[in-house]
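Shown below: model37.txt, with compact mmCIF, C-alpha atoms.
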```
# COMPACT_ATOMS: atom_id res chain seq x y z
CA MET A 1 74.22 93.43 92.96
CA ARG A 2 71.06 91.70 91.71
CA ILE A 3 72.53 88.27 92.45
CA MET A 4 73.61 89.39 95.94
CA ILE A 5 70.04 90.49 96.67
CA SER A 6 68.63 87.13 95.54
CA LYS A 7 71.19 85.30 97.73
CA ALA A 8 70.19 87.44 100.71
CA LEU A 9 66.50 86.71 100.09
CA ILE A 10 67.11 82.95 99.96
CA ILE A 11 69.10 83.08 103.22
CA LEU A 12 66.37 85.16 104.92
CA PHE A 13 63.67 82.75 103.75
CA ASP A 14 65.72 79.82 105.09
CA LEU A 15 66.21 81.56 108.45
CA PHE A 16 62.48 82.31 108.63
CA TYR A 17 61.71 78.64 108.02
CA LEU A 18 64.25 77.43 110.59
CA VAL A 19 62.48 79.57 113.20
CA THR A 20 59.03 78.44 112.00
CA VAL A 21 59.97 74.76 112.35
CA PHE A 22 61.29 75.51 115.85
CA TYR A 23 57.79 76.62 116.94
CA ALA A 24 56.22 73.65 115.12
CA ALA A 25 58.51 71.29 117.06
CA LEU A 26 57.49 73.02 120.31
CA LEU A 27 53.82 72.44 119.56
CA LEU A 28 54.37 68.80 118.66
CA SER A 29 56.42 68.18 121.79
CA ASN A 30 53.89 69.98 124.07
CA ASN A 31 56.54 72.42 125.26
CA SER A 32 55.06 75.57 123.72
CA ASN A 33 55.22 77.59 126.94
CA SER A 34 58.63 76.47 128.18
CA PHE A 35 61.29 77.31 125.57
CA GLU A 36 62.57 80.59 124.13
CA VAL A 37 63.79 80.87 120.57
CA GLN A 38 66.87 82.98 121.40
CA ASN A 39 68.39 80.05 123.30
CA PHE A 40 68.17 78.03 120.09
CA THR A 41 70.00 80.61 117.94
CA PHE A 42 73.24 78.62 117.92
CA VAL A 43 71.39 75.79 116.08
CA PHE A 44 70.18 78.19 113.38
CA VAL A 45 73.71 79.56 112.96
CA ILE A 46 75.25 76.08 112.60
CA ILE A 47 72.65 74.99 110.01
CA LEU A 48 73.02 78.15 107.92
CA ALA A 49 76.82 77.86 108.14
CA LEU A 50 76.70 74.26 106.90
CA LEU A 51 74.33 75.22 104.07
CA TYR A 52 76.80 77.94 103.12
CA PHE A 53 79.69 75.48 103.35
CA GLU A 54 77.79 73.17 100.96
CA LYS A 55 77.65 76.19 98.58
CA VAL A 56 73.85 76.13 98.49
CA TYR A 57 73.89 79.94 98.39
CA ASN A 58 76.81 80.29 95.97
CA PHE A 59 75.50 78.17 93.10
CA ARG A 60 72.07 77.62 91.61
CA TYR A 61 71.80 73.87 91.69
CA ASP A 62 69.17 71.66 90.15
CA PHE A 63 66.48 70.68 92.70
CA TRP A 64 67.83 67.18 93.31
CA GLN A 65 71.45 68.26 93.69
CA ASP A 66 70.33 71.09 95.95
CA THR A 67 68.27 68.68 98.05
CA PHE A 68 71.23 66.30 98.39
CA LYS A 69 73.39 69.14 99.70
CA VAL A 70 70.63 70.29 102.08
CA PHE A 71 70.30 66.76 103.48
CA ARG A 72 74.06 66.48 103.96
CA ALA A 73 74.19 69.87 105.69
CA LEU A 74 71.36 68.87 108.06
CA ILE A 75 72.95 65.53 108.95
CA ILE A 76 76.34 67.13 109.68
CA SER A 77 74.66 69.96 111.64
CA PHE A 78 72.78 67.44 113.77
CA LEU A 79 75.96 65.51 114.55
CA ILE A 80 77.88 68.72 115.38
CA ILE A 81 75.15 69.95 117.76
CA LEU A 82 74.92 66.61 119.57
CA SER A 83 78.72 66.53 119.85
CA LEU A 84 78.81 70.07 121.25
CA LEU A 85 76.17 69.25 123.85
CA THR A 86 78.03 66.10 124.86
CA LEU A 87 81.56 67.60 124.97
CA THR A 88 80.51 70.74 126.86
CA LYS A 89 78.17 68.71 129.08
CA THR A 90 75.50 71.28 128.34
CA HIS A 91 71.95 70.14 128.91
CA LEU A 92 70.19 73.44 128.17
CA GLU A 93 66.45 73.46 128.43
CA TYR A 94 66.06 71.46 125.24
CA SER A 95 66.25 67.69 125.35
CA ARG A 96 68.08 65.70 122.71
CA LEU A 97 64.68 64.25 121.81
CA PHE A 98 63.43 67.76 120.97
CA ILE A 99 66.50 68.45 118.85
CA ALA A 100 65.99 65.13 117.03
CA LEU A 101 62.32 66.06 116.36
CA TYR A 102 63.40 69.47 115.06
CA PHE A 103 65.85 67.96 112.58
CA ILE A 104 63.39 65.29 111.44
CA LEU A 105 60.88 68.02 110.59
CA LEU A 106 63.56 69.95 108.70
CA PHE A 107 64.71 66.85 106.85
CA VAL A 108 61.18 66.13 105.62
CA THR A 109 60.00 69.68 104.87
CA LEU A 110 62.96 72.00 104.17
CA PRO A 111 63.55 70.88 100.54
CA VAL A 112 59.82 71.36 99.82
CA PHE A 113 59.85 74.82 101.44
CA LYS A 114 62.96 75.84 99.48
CA ARG A 115 61.27 74.71 96.27
CA TYR A 116 58.32 77.05 96.78
CA ALA A 117 60.42 79.85 98.27
CA LYS A 118 62.69 79.88 95.23
CA LYS A 119 59.68 79.85 92.93
CA MET A 120 58.48 83.05 94.62
CA ILE A 121 61.91 84.69 94.66
CA PHE A 122 62.70 83.88 91.04
CA LEU A 123 59.41 85.38 89.90
CA LEU A 124 61.13 88.71 90.54
CA PRO A 125 62.92 89.64 87.28
CA PHE A 126 65.94 91.17 89.05
CA CYS A 127 66.58 87.88 90.90
CA LYS A 128 67.03 85.87 87.73
CA GLN A 129 70.57 85.06 86.66
CA LYS A 130 71.37 85.76 83.00
CA ILE A 131 73.27 83.00 81.21
CA LEU A 132 75.11 82.97 77.87
CA VAL A 133 75.47 79.50 76.33
CA LEU A 134 78.07 78.83 73.62
CA GLY A 135 78.62 75.71 71.50
CA LYS A 136 76.89 73.50 68.94
CA LYS A 137 73.42 74.73 68.03
CA SER A 138 71.76 71.44 68.99
CA GLU A 139 73.42 71.42 72.43
CA VAL A 140 72.74 75.12 73.01
CA LYS A 141 69.07 74.45 72.25
CA ILE A 142 69.00 71.73 74.94
CA PHE A 143 70.36 74.17 77.53
CA LYS A 144 67.99 76.94 76.42
CA ASN A 145 65.01 74.59 76.89
CA GLU A 146 66.27 73.53 80.32
CA LEU A 147 66.73 77.14 81.46
CA GLN A 148 63.22 77.94 80.25
CA LYS A 149 61.50 74.92 81.85
CA ASN A 150 63.51 74.46 85.06
CA TRP A 151 62.39 77.47 87.10
CA TYR A 152 64.21 76.14 90.17
CA LEU A 153 67.48 77.31 88.62
CA GLY A 154 66.28 80.91 88.43
CA GLN A 155 68.23 81.41 85.21
CA VAL A 156 67.41 82.79 81.76
CA TYR A 157 69.29 82.68 78.49
CA SER A 158 70.69 86.06 77.48
CA GLU A 159 73.22 87.28 74.96
CA LYS A 160 73.60 90.66 76.65
CA ARG A 161 74.63 91.69 80.18
CA TYR A 162 75.04 88.08 81.36
CA GLU A 163 76.55 87.02 84.71
CA LYS A 164 77.56 83.50 83.74
CA VAL A 165 78.86 81.74 80.62
CA ILE A 166 78.41 78.06 79.77
CA ILE A 167 80.73 76.72 77.06
CA ILE A 168 79.78 73.36 75.55
CA SER A 169 83.08 71.73 74.58
CA GLN A 170 81.65 69.10 72.23
CA GLY A 171 82.70 69.87 68.66
CA ILE A 172 85.03 72.73 69.64
CA LYS A 173 88.74 72.38 68.89
CA GLU A 174 91.16 72.79 71.78
CA GLU A 175 92.62 76.07 70.48
CA ARG A 176 89.15 77.55 70.02
CA LEU A 177 88.09 76.42 73.49
CA HIS A 178 91.10 78.10 75.10
CA ALA A 179 90.39 81.26 73.10
CA LEU A 180 86.74 81.34 74.25
CA ILE A 181 87.72 80.89 77.90
CA ASP A 182 90.36 83.64 77.65
CA GLU A 183 87.86 85.94 75.95
CA TYR A 184 85.00 85.55 78.43
CA VAL A 185 87.06 85.29 81.61
CA LYS A 186 87.78 89.01 81.10
CA ILE A 187 84.04 89.71 81.26
CA THR A 188 82.84 87.37 84.02
CA SER A 189 84.43 85.19 86.67
CA GLU A 190 81.73 82.54 86.29
CA ILE A 191 82.61 80.32 83.34
CA PHE A 192 81.45 76.71 83.23
CA VAL A 193 82.65 74.17 80.65
CA VAL A 194 80.39 71.26 79.70
CA PRO A 195 82.62 68.15 79.28
CA TYR A 196 82.83 66.48 75.89
CA LEU A 197 81.75 63.14 77.39
CA LYS A 198 77.98 63.09 77.91
CA ASP A 199 77.59 59.58 79.33
CA ILE A 200 79.66 60.21 82.46
CA ASN A 201 78.31 61.96 85.57
CA PHE A 202 81.40 63.80 86.80
CA MET A 203 79.67 64.50 90.13
CA HIS A 204 81.03 61.16 91.32
CA SER A 205 84.52 61.60 89.89
CA ASN A 206 87.71 62.47 91.71
CA ILE A 207 90.06 65.01 90.12
CA LEU A 208 93.76 64.43 90.69
CA GLU A 209 96.37 67.11 90.14
CA TYR A 210 99.84 66.51 88.71
CA SER A 211 101.25 69.88 89.70
CA ASN A 212 104.71 69.46 88.17
CA ILE A 213 103.34 69.06 84.66
CA ARG A 214 100.19 71.20 85.24
CA ARG A 215 97.79 68.41 84.28
CA ASN A 216 94.64 66.94 85.84
CA THR A 217 93.17 63.46 85.58
CA ILE A 218 89.47 62.70 86.08
CA GLN A 219 88.55 59.34 87.54
CA VAL A 220 85.94 57.41 85.53
CA GLN A 221 84.32 54.30 87.03
CA ASN A 222 81.66 51.78 86.14
CA ARG A 223 79.99 52.41 89.49
CA LEU A 224 77.44 49.60 89.58
CA LEU A 225 80.15 47.00 89.01
CA LEU A 226 82.17 48.06 92.07
CA LYS A 227 81.89 45.39 94.78
CA HIS A 228 81.13 47.75 97.66
CA ASN A 229 78.38 49.48 95.62
CA ILE A 230 76.83 46.09 94.79
CA ILE A 231 76.80 45.17 98.50
CA ILE A 232 75.19 48.52 99.41
CA LYS A 233 72.54 48.22 96.69
CA ASN A 234 71.68 44.60 97.59
CA SER A 235 71.44 45.47 101.29
CA VAL A 236 69.06 48.36 100.59
CA ASP A 237 66.96 46.07 98.35
CA TYR A 238 66.38 43.58 101.17
CA ILE A 239 65.77 46.27 103.80
CA MET A 240 63.07 47.80 101.58
CA LEU A 241 61.69 44.32 100.94
CA CYS A 242 61.21 43.72 104.68
CA ILE A 243 59.39 47.07 104.99
CA VAL A 244 57.11 46.61 101.98
CA LEU A 245 56.29 42.88 102.17
CA PRO A 246 53.40 43.08 104.74
CA ALA A 247 51.61 45.80 102.71
CA PHE A 248 52.22 43.84 99.49
CA LEU A 249 50.47 40.76 100.90
CA VAL A 250 47.31 42.77 101.67
CA ILE A 251 47.30 44.46 98.23
CA HIS A 252 47.97 41.10 96.56
CA ILE A 253 44.82 39.57 98.07
CA ILE A 254 42.67 42.48 96.85
CA ILE A 255 44.11 42.46 93.30
CA SER A 256 43.86 38.66 93.03
CA LEU A 257 40.15 38.78 93.90
CA ALA A 258 39.57 41.55 91.33
CA ILE A 259 41.27 39.57 88.55
CA LYS A 260 39.32 36.41 89.41
CA LEU A 261 36.00 38.27 89.46
CA ASP A 262 36.78 39.99 86.14
CA ASP A 263 37.21 36.94 83.90
CA GLY A 264 37.99 34.00 86.16
CA GLY A 265 41.44 33.42 84.70
CA SER A 266 44.82 33.00 86.38
CA VAL A 267 46.15 35.77 88.63
CA PHE A 268 49.79 35.69 87.56
CA PHE A 269 51.41 36.12 84.18
CA ARG A 270 54.88 34.59 83.87
CA GLN A 271 57.30 35.45 81.10
CA LYS A 272 60.90 34.47 80.46
CA ARG A 273 63.25 37.47 80.52
CA LEU A 274 66.97 38.15 80.33
CA GLY A 275 68.55 38.61 83.74
CA LYS A 276 71.93 39.29 85.28
CA ASP A 277 74.87 37.63 83.46
CA ASN A 278 72.55 36.76 80.56
CA LYS A 279 70.68 34.19 82.68
CA ILE A 280 67.06 33.54 81.78
CA PHE A 281 64.47 33.86 84.57
CA GLU A 282 60.70 34.08 84.88
CA VAL A 283 59.40 37.56 85.66
CA TYR A 284 56.12 37.76 87.58
CA LYS A 285 53.28 40.14 86.75
CA TYR A 286 49.57 40.30 87.42
CA ARG A 287 47.73 39.10 84.34
CA THR A 288 46.31 42.11 82.51
CA MET A 289 45.39 40.52 79.17
CA LEU A 290 42.45 38.50 77.89
CA LEU A 291 42.77 34.71 77.83
CA SER A 292 42.29 34.80 74.03
CA SER A 293 44.79 37.65 73.64
CA GLU A 294 46.68 36.38 70.57
CA GLU A 295 43.54 35.94 68.45
CA VAL A 296 42.28 39.40 69.48
CA LEU A 297 45.64 41.00 68.61
CA ALA A 298 45.87 39.33 65.19
CA LYS A 299 42.45 40.69 64.19
CA TYR A 300 43.30 44.16 65.53
CA LEU A 301 46.63 44.41 63.63
CA LYS A 302 44.93 43.56 60.34
CA LEU A 303 42.68 46.60 60.82
CA HIS A 304 45.47 48.85 62.23
CA PRO A 305 48.79 48.18 60.41
CA GLU A 306 50.23 51.45 61.82
CA GLU A 307 50.43 49.67 65.18
CA ILE A 308 52.99 47.25 63.72
CA ARG A 309 55.33 50.13 62.79
CA TYR A 310 54.82 51.70 66.24
CA PHE A 311 55.71 48.43 67.95
CA GLU A 312 58.88 48.05 65.87
CA LYS A 313 60.10 51.40 67.19
CA TYR A 314 58.82 51.49 70.77
CA HIS A 315 58.18 47.79 71.52
CA LYS A 316 54.65 48.67 72.71
CA TYR A 317 51.27 49.23 71.08
CA MET A 318 49.48 52.58 71.20
CA ASN A 319 46.15 50.94 72.01
CA ASP A 320 46.52 47.30 73.02
CA PRO A 321 43.15 45.49 72.46
CA ARG A 322 44.17 42.54 74.63
CA ILE A 323 43.98 44.38 77.97
CA THR A 324 41.18 43.51 80.43
CA ARG A 325 39.18 46.07 82.45
CA VAL A 326 41.07 45.30 85.65
CA GLY A 327 44.29 45.05 83.66
CA ARG A 328 43.88 48.58 82.30
CA PHE A 329 43.55 49.94 85.83
CA LEU A 330 46.59 47.96 87.00
CA ARG A 331 48.69 49.23 84.09
CA ILE A 332 47.70 52.86 84.57
CA PHE A 333 49.08 52.76 88.12
CA SER A 334 51.84 50.22 87.29
CA LEU A 335 50.36 47.81 89.84
CA ASP A 336 50.81 44.92 87.40
CA GLU A 337 54.54 45.06 88.19
CA LEU A 338 54.06 44.46 91.96
CA PRO A 339 54.58 40.66 91.86
CA GLN A 340 58.18 41.34 90.82
CA ILE A 341 58.73 41.82 94.56
CA LEU A 342 58.88 38.00 94.49
CA ASN A 343 61.71 38.24 91.95
CA ILE A 344 63.59 40.52 94.35
CA LEU A 345 63.02 37.98 97.11
CA LYS A 346 64.54 35.30 94.86
CA GLY A 347 67.55 37.51 94.11
CA GLU A 348 66.69 37.83 90.40
CA MET A 349 65.76 41.52 90.37
CA SER A 350 66.34 44.80 92.17
CA TRP A 351 63.95 47.62 93.08
CA ILE A 352 65.73 49.94 90.64
CA GLY A 353 67.72 49.04 87.56
CA PRO A 354 67.39 48.38 83.81
CA ARG A 355 64.03 46.86 82.93
CA PRO A 356 64.24 43.10 82.19
CA TYR A 357 64.44 42.57 78.44
CA MET A 358 62.46 39.95 76.53
CA LEU A 359 64.38 37.08 74.96
CA ASN A 360 63.70 38.26 71.40
CA GLU A 361 65.26 41.66 72.24
CA ALA A 362 68.70 40.20 72.99
CA GLU A 363 70.16 40.80 69.53
CA LYS A 364 68.65 44.29 69.31
CA LEU A 365 70.75 45.35 72.31
CA GLY A 366 73.85 45.13 70.12
CA ASN A 367 77.12 46.04 71.80
CA LYS A 368 75.22 47.25 74.89
CA LYS A 369 74.00 43.72 75.67
CA GLU A 370 76.95 42.54 77.78
CA PHE A 371 77.04 45.89 79.58
CA ILE A 372 73.35 46.02 80.54
CA LEU A 373 73.16 42.34 81.45
CA ARG A 374 76.02 42.63 83.96
CA VAL A 375 73.56 43.90 86.61
CA ARG A 376 70.23 42.75 88.00
CA PRO A 377 67.16 44.25 86.25
CA GLY A 378 64.81 46.47 88.25
CA ILE A 379 61.09 46.96 88.84
CA THR A 380 61.55 50.64 87.97
CA GLY A 381 64.41 52.62 86.52
CA LEU A 382 65.66 55.67 84.70
CA TRP A 383 63.71 54.74 81.56
CA GLN A 384 60.36 54.77 83.39
CA VAL A 385 60.90 58.27 84.78
CA SER A 386 62.41 59.77 81.62
CA GLY A 387 59.62 59.37 79.12
CA ARG A 388 58.95 55.64 78.93
CA ASN A 389 56.60 55.11 75.96
CA ASN A 390 57.79 58.36 74.36
CA LEU A 391 61.35 57.00 74.02
CA SER A 392 62.65 54.68 71.33
CA PHE A 393 64.30 51.34 72.10
CA ALA A 394 67.75 52.82 71.40
CA GLN A 395 67.12 55.78 73.74
CA ARG A 396 66.03 53.35 76.44
CA ASN A 397 69.32 51.46 76.04
CA GLU A 398 71.34 54.68 76.36
CA LEU A 399 69.53 55.64 79.57
CA GLU A 400 70.15 52.26 81.14
CA VAL A 401 73.85 52.29 80.25
CA TRP A 402 74.09 55.79 81.77
CA TYR A 403 72.40 54.54 84.95
CA ILE A 404 74.83 51.63 85.35
CA LYS A 405 77.92 53.77 84.75
CA ASN A 406 76.81 56.52 87.11
CA TRP A 407 74.94 54.64 89.83
CA SER A 408 74.63 56.10 93.31
CA LEU A 409 72.32 55.47 96.25
CA TRP A 410 71.08 59.04 95.89
CA ALA A 411 70.26 58.42 92.20
CA ASP A 412 68.16 55.42 93.23
CA PHE A 413 66.33 57.56 95.78
CA VAL A 414 65.60 60.21 93.14
CA ILE A 415 64.33 57.58 90.67
CA LEU A 416 62.10 56.10 93.39
CA ILE A 417 60.54 59.50 94.17
CA LYS A 418 60.11 60.27 90.46
CA THR A 419 58.47 56.87 89.95
CA VAL A 420 55.81 57.77 92.51
CA LYS A 421 55.24 61.06 90.68
CA VAL A 422 54.99 59.31 87.30
CA VAL A 423 52.57 56.69 88.61
CA LEU A 424 50.33 59.23 90.34
CA GLY A 425 50.45 61.43 87.24
CA LYS A 426 49.56 58.45 85.02
CA ILE A 427 52.48 59.34 82.74
CA GLY A 428 53.57 56.87 80.09
CA ALA A 429 51.54 53.92 81.37
CA LYS A 430 49.63 51.85 78.88
```
Written as structure tokens, that's how I'd like the structure from this file.
Amino acid sequence: MRIMISKALIILFDLFYLVTVFYAALLLSNNSNSFEVQNFTFVFVIILALLYFEKVYNFRYDFWQDTFKVFRALIISFLIILSLLTLTKTHLEYSRLFIALYFILLFVTLPVFKRYAKKMIFLLPFCKQKILVLGKKSEVKIFKNELQKNWYLGQVYSEKRYEKVIIISQGIKEERLHALIDEYVKITSEIFVVPYLKDINFMHSNILEYSNIRRNTIQVQNRLLLKHNIIIKNSVDYIMLCIVLPAFLVIHIIISLAIKLDDGGSVFFRQKRLGKDNKIFEVYKYRTMLLSSEEVLAKYLKLHPEEIRYFEKYHKYMNDPRITRVGRFLRIFSLDELPQILNILKGEMSWIGPRPYMLNEAEKLGNKKEFILRVRPGITGLWQVSGRNNLSFAQRNELEVWYIKNWSLWADFVILIKTVKVVLGKIGAK
């Protein structure tokens, strides 16, 4: 009953917002005195039906998965409405331009509204879903932390009167797993099993049924090595490049002047890095270090030997004494990476991908080397938005392998948005 009430509240909030955006579109289109909301009801019904079809109201998705489903529902709704108007030759009092404006506003603002609406709804204790998590202690702890931190899920860990059970299969024998499912399926219909494989995103997998032998197979792909995915990613890279290039030229002039006025040295810093197919290329950055950087560093390390141990683990220094005043500002906002747009133009890098490794890091990659170096490195990536300086070199490698295996255009979009958040929040930049 509690869960049904929370579902109803979410639907009502969505309906309220659909109507609100309708009036906002009227104001923006200067038609505030002409149209009546009741004539637009069929649009609200189609959108809510598509959101329901996407199971937005049946499951409590993570924000990004929820947003993906909302976007898909809006796109399909828009196409259905245009098709209906065309097939029925109905012109109504609303132009197609008004309908397009309405959906653009929804596309931009609905995920943000849902984020805050759910935050309000899930503040109510009776709207929170109680979850029991079973499995290895270390894995259960990860889920407990996620349920505690990720308020968008509206879920809390509970060992009593729970509505949903999550069973983590890692480390559980097959017989025990079957027994757990049989035991809890008598109590609740909502049982979710976490797959044993952690480095595969099964969201992109196809499940095939062999009905005669009652078996399923799950498709596993190396998604960023598929030819059509490579073509899509490269095309998006160059489209973004065309959009960003004019603004980059203006910013480049300003930053170049600042660097020259600071210490009079060169604007660019070039460094050889490992690229796609193990090819060596020169990565471009704005120079952020002093001209006498090596001498300054040598003196600093003698006084601070703990920095040597930190570098061995994270491949960065806690407090690098070589950085200039302008360089510190550029690093805080990751502006020193901007010249890598030139590397994208040359076809050596991508907007998003594994960060380009230094030549002396090749052997440290171990058996992941050939895997990571099969794709073009990126200006930003999963590592930058997942902790960056707080992650070890090995953890960075694992993230980049996961990204390559599970690539999607949506994942790149999410990383891009998170990069903006990280940069503005000054997280992990040194």
- Item | Surrounding residues of segment 250-261 of chain A excluding itself and chain neighbours under 4 positions, 8 Å, only C-alpha atoms, as a list in words |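 Near segment 250-261 of chain A, the qualifying residues are Pro246, Gly265, Ser266, Val267, Arg287, Val326 and Gly327 of chain A.
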- Grab the atom CA of Thr188 of chain A to atom CA of Arg176 of chain A distance for me, in Å with one decimal place.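 One can read the atom CA of Thr188 of chain A to atom CA of Arg176 of chain A distance as 18.2 Å.
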For segment 310-323 of chain A, work out the shell of residues within 6 Å, counting only C-alpha atoms and skipping chain neighbours fewer than 3 positions away, then give it as a PDB file with C-alpha atoms, in the frame of the given file.
```
ATOM      1  CA  THR A 288      46.310  42.110  82.510  1.00  0.00           C
ATOM      2  CA  MET A 289      45.390  40.520  79.170  1.00  0.00           C
ATOM      3  CA  LEU A 290      42.450  38.500  77.890  1.00  0.00           C
ATOM      4  CA  SER A 293      44.790  37.650  73.640  1.00  0.00           C
ATOM      5  CA  GLU A 307      50.430  49.670  65.180  1.00  0.00           C
ATOM      6  CA  GLY A 327      44.290  45.050  83.660  1.00  0.00           C
ATOM      7  CA  SER A 392      62.650  54.680  71.330  1.00  0.00           C
ATOM      8  CA  PHE A 393      64.300  51.340  72.100  1.00  0.00           C
TER       9      PHE A 393
END
```
- Task: Please measure the separation of atom CA of Phe202 of chain A and atom CA of Ile47 of chain A, giving the value in Å to one decimal.
- Result: 27.2 Å
- Atomic separation - atom CA of Leu373 of chain A relative to atom CA of Pro356 of chain A, Å: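 Atom CA of Leu373 of chain A lies at a distance of 9.0 Å from atom CA of Pro356 of chain A.
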- Query: Leaving out Leu110 of chain A and any residue of its chain fewer than 5 positions from it, which residues lie within 12 Å of it when counting all atoms listed in the file, given as number ranges by chain?
  - Reply: A: 13-21, 47, 51, 66-71, 73-74, 102-105, 115-118
Please rebuild segment 150-165 of chain A with N, CA, C and O atoms and give the result as a PDB file, in the coordinates of the input.
```
ATOM      1  N   ASN A 150      63.115  74.738  83.681  1.00  0.00           N
ATOM      2  CA  ASN A 150      63.510  74.460  85.060  1.00  0.00           C
ATOM      3  C   ASN A 150      63.594  75.762  85.855  1.00  0.00           C
ATOM      4  O   ASN A 150      64.660  76.340  86.042  1.00  0.00           O
ATOM      5  N   TRP A 151      62.441  76.192  86.381  1.00  0.00           N
ATOM      6  CA  TRP A 151      62.390  77.470  87.100  1.00  0.00           C
ATOM      7  C   TRP A 151      63.186  77.441  88.398  1.00  0.00           C
ATOM      8  O   TRP A 151      63.561  78.484  88.926  1.00  0.00           O
ATOM      9  N   TYR A 152      63.473  76.252  88.911  1.00  0.00           N
ATOM     10  CA  TYR A 152      64.210  76.140  90.170  1.00  0.00           C
ATOM     11  C   TYR A 152      65.618  76.734  90.051  1.00  0.00           C
ATOM     12  O   TYR A 152      66.207  77.172  91.037  1.00  0.00           O
ATOM     13  N   LEU A 153      66.150  76.749  88.842  1.00  0.00           N
ATOM     14  CA  LEU A 153      67.480  77.310  88.620  1.00  0.00           C
ATOM     15  C   LEU A 153      67.485  78.834  88.705  1.00  0.00           C
ATOM     16  O   LEU A 153      68.514  79.442  89.012  1.00  0.00           O
ATOM     17  N   GLY A 154      66.359  79.447  88.404  1.00  0.00           N
ATOM     18  CA  GLY A 154      66.280  80.910  88.430  1.00  0.00           C
ATOM     19  C   GLY A 154      67.216  81.548  87.418  1.00  0.00           C
ATOM     20  O   GLY A 154      67.831  82.582  87.682  1.00  0.00           O
ATOM     21  N   GLN A 155      67.311  80.937  86.243  1.00  0.00           N
ATOM     22  CA  GLN A 155      68.230  81.410  85.210  1.00  0.00           C
ATOM     23  C   GLN A 155      67.505  81.580  83.884  1.00  0.00           C
ATOM     24  O   GLN A 155      66.554  80.867  83.585  1.00  0.00           O
ATOM     25  N   VAL A 156      67.962  82.547  83.091  1.00  0.00           N
ATOM     26  CA  VAL A 156      67.410  82.790  81.760  1.00  0.00           C
ATOM     27  C   VAL A 156      68.538  82.959  80.764  1.00  0.00           C
ATOM     28  O   VAL A 156      69.610  83.473  81.111  1.00  0.00           O
ATOM     29  N   TYR A 157      68.284  82.514  79.550  1.00  0.00           N
ATOM     30  CA  TYR A 157      69.290  82.680  78.490  1.00  0.00           C
ATOM     31  C   TYR A 157      69.336  84.142  78.051  1.00  0.00           C
ATOM     32  O   TYR A 157      68.301  84.788  77.869  1.00  0.00           O
ATOM     33  N   SER A 158      70.540  84.673  77.908  1.00  0.00           N
ATOM     34  CA  SER A 158      70.690  86.060  77.480  1.00  0.00           C
ATOM     35  C   SER A 158      72.021  86.238  76.761  1.00  0.00           C
ATOM     36  O   SER A 158      73.040  85.691  77.179  1.00  0.00           O
ATOM     37  N   GLU A 159      71.991  86.998  75.704  1.00  0.00           N
ATOM     38  CA  GLU A 159      73.220  87.280  74.960  1.00  0.00           C
ATOM     39  C   GLU A 159      73.800  88.638  75.314  1.00  0.00           C
ATOM     40  O   GLU A 159      74.833  89.033  74.785  1.00  0.00           O
ATOM     41  N   LYS A 160      73.122  89.344  76.224  1.00  0.00           N
ATOM     42  CA  LYS A 160      73.600  90.660  76.650  1.00  0.00           C
ATOM     43  C   LYS A 160      73.561  90.762  78.171  1.00  0.00           C
ATOM     44  O   LYS A 160      72.677  90.239  78.822  1.00  0.00           O
ATOM     45  N   ARG A 161      74.542  91.411  78.749  1.00  0.00           N
ATOM     46  CA  ARG A 161      74.630  91.690  80.180  1.00  0.00           C
ATOM     47  C   ARG A 161      74.417  90.411  81.011  1.00  0.00           C
ATOM     48  O   ARG A 161      73.601  90.368  81.912  1.00  0.00           O
ATOM     49  N   TYR A 162      75.134  89.370  80.672  1.00  0.00           N
ATOM     50  CA  TYR A 162      75.040  88.080  81.360  1.00  0.00           C
ATOM     51  C   TYR A 162      76.028  88.022  82.517  1.00  0.00           C
ATOM     52  O   TYR A 162      77.063  88.678  82.529  1.00  0.00           O
ATOM     53  N   GLU A 163      75.681  87.197  83.534  1.00  0.00           N
ATOM     54  CA  GLU A 163      76.550  87.020  84.710  1.00  0.00           C
ATOM     55  C   GLU A 163      77.332  85.714  84.667  1.00  0.00           C
ATOM     56  O   GLU A 163      78.259  85.513  85.444  1.00  0.00           O
ATOM     57  N   LYS A 164      76.951  84.836  83.775  1.00  0.00           N
ATOM     58  CA  LYS A 164      77.560  83.500  83.740  1.00  0.00           C
ATOM     59  C   LYS A 164      77.620  83.012  82.296  1.00  0.00           C
ATOM     60  O   LYS A 164      76.713  83.288  81.497  1.00  0.00           O
ATOM     61  N   VAL A 165      78.690  82.277  81.967  1.00  0.00           N
ATOM     62  CA  VAL A 165      78.860  81.740  80.620  1.00  0.00           C
ATOM     63  C   VAL A 165      79.036  80.231  80.696  1.00  0.00           C
ATOM     64  O   VAL A 165      79.838  79.729  81.495  1.00  0.00           O
TER      65      VAL A 165
END
```
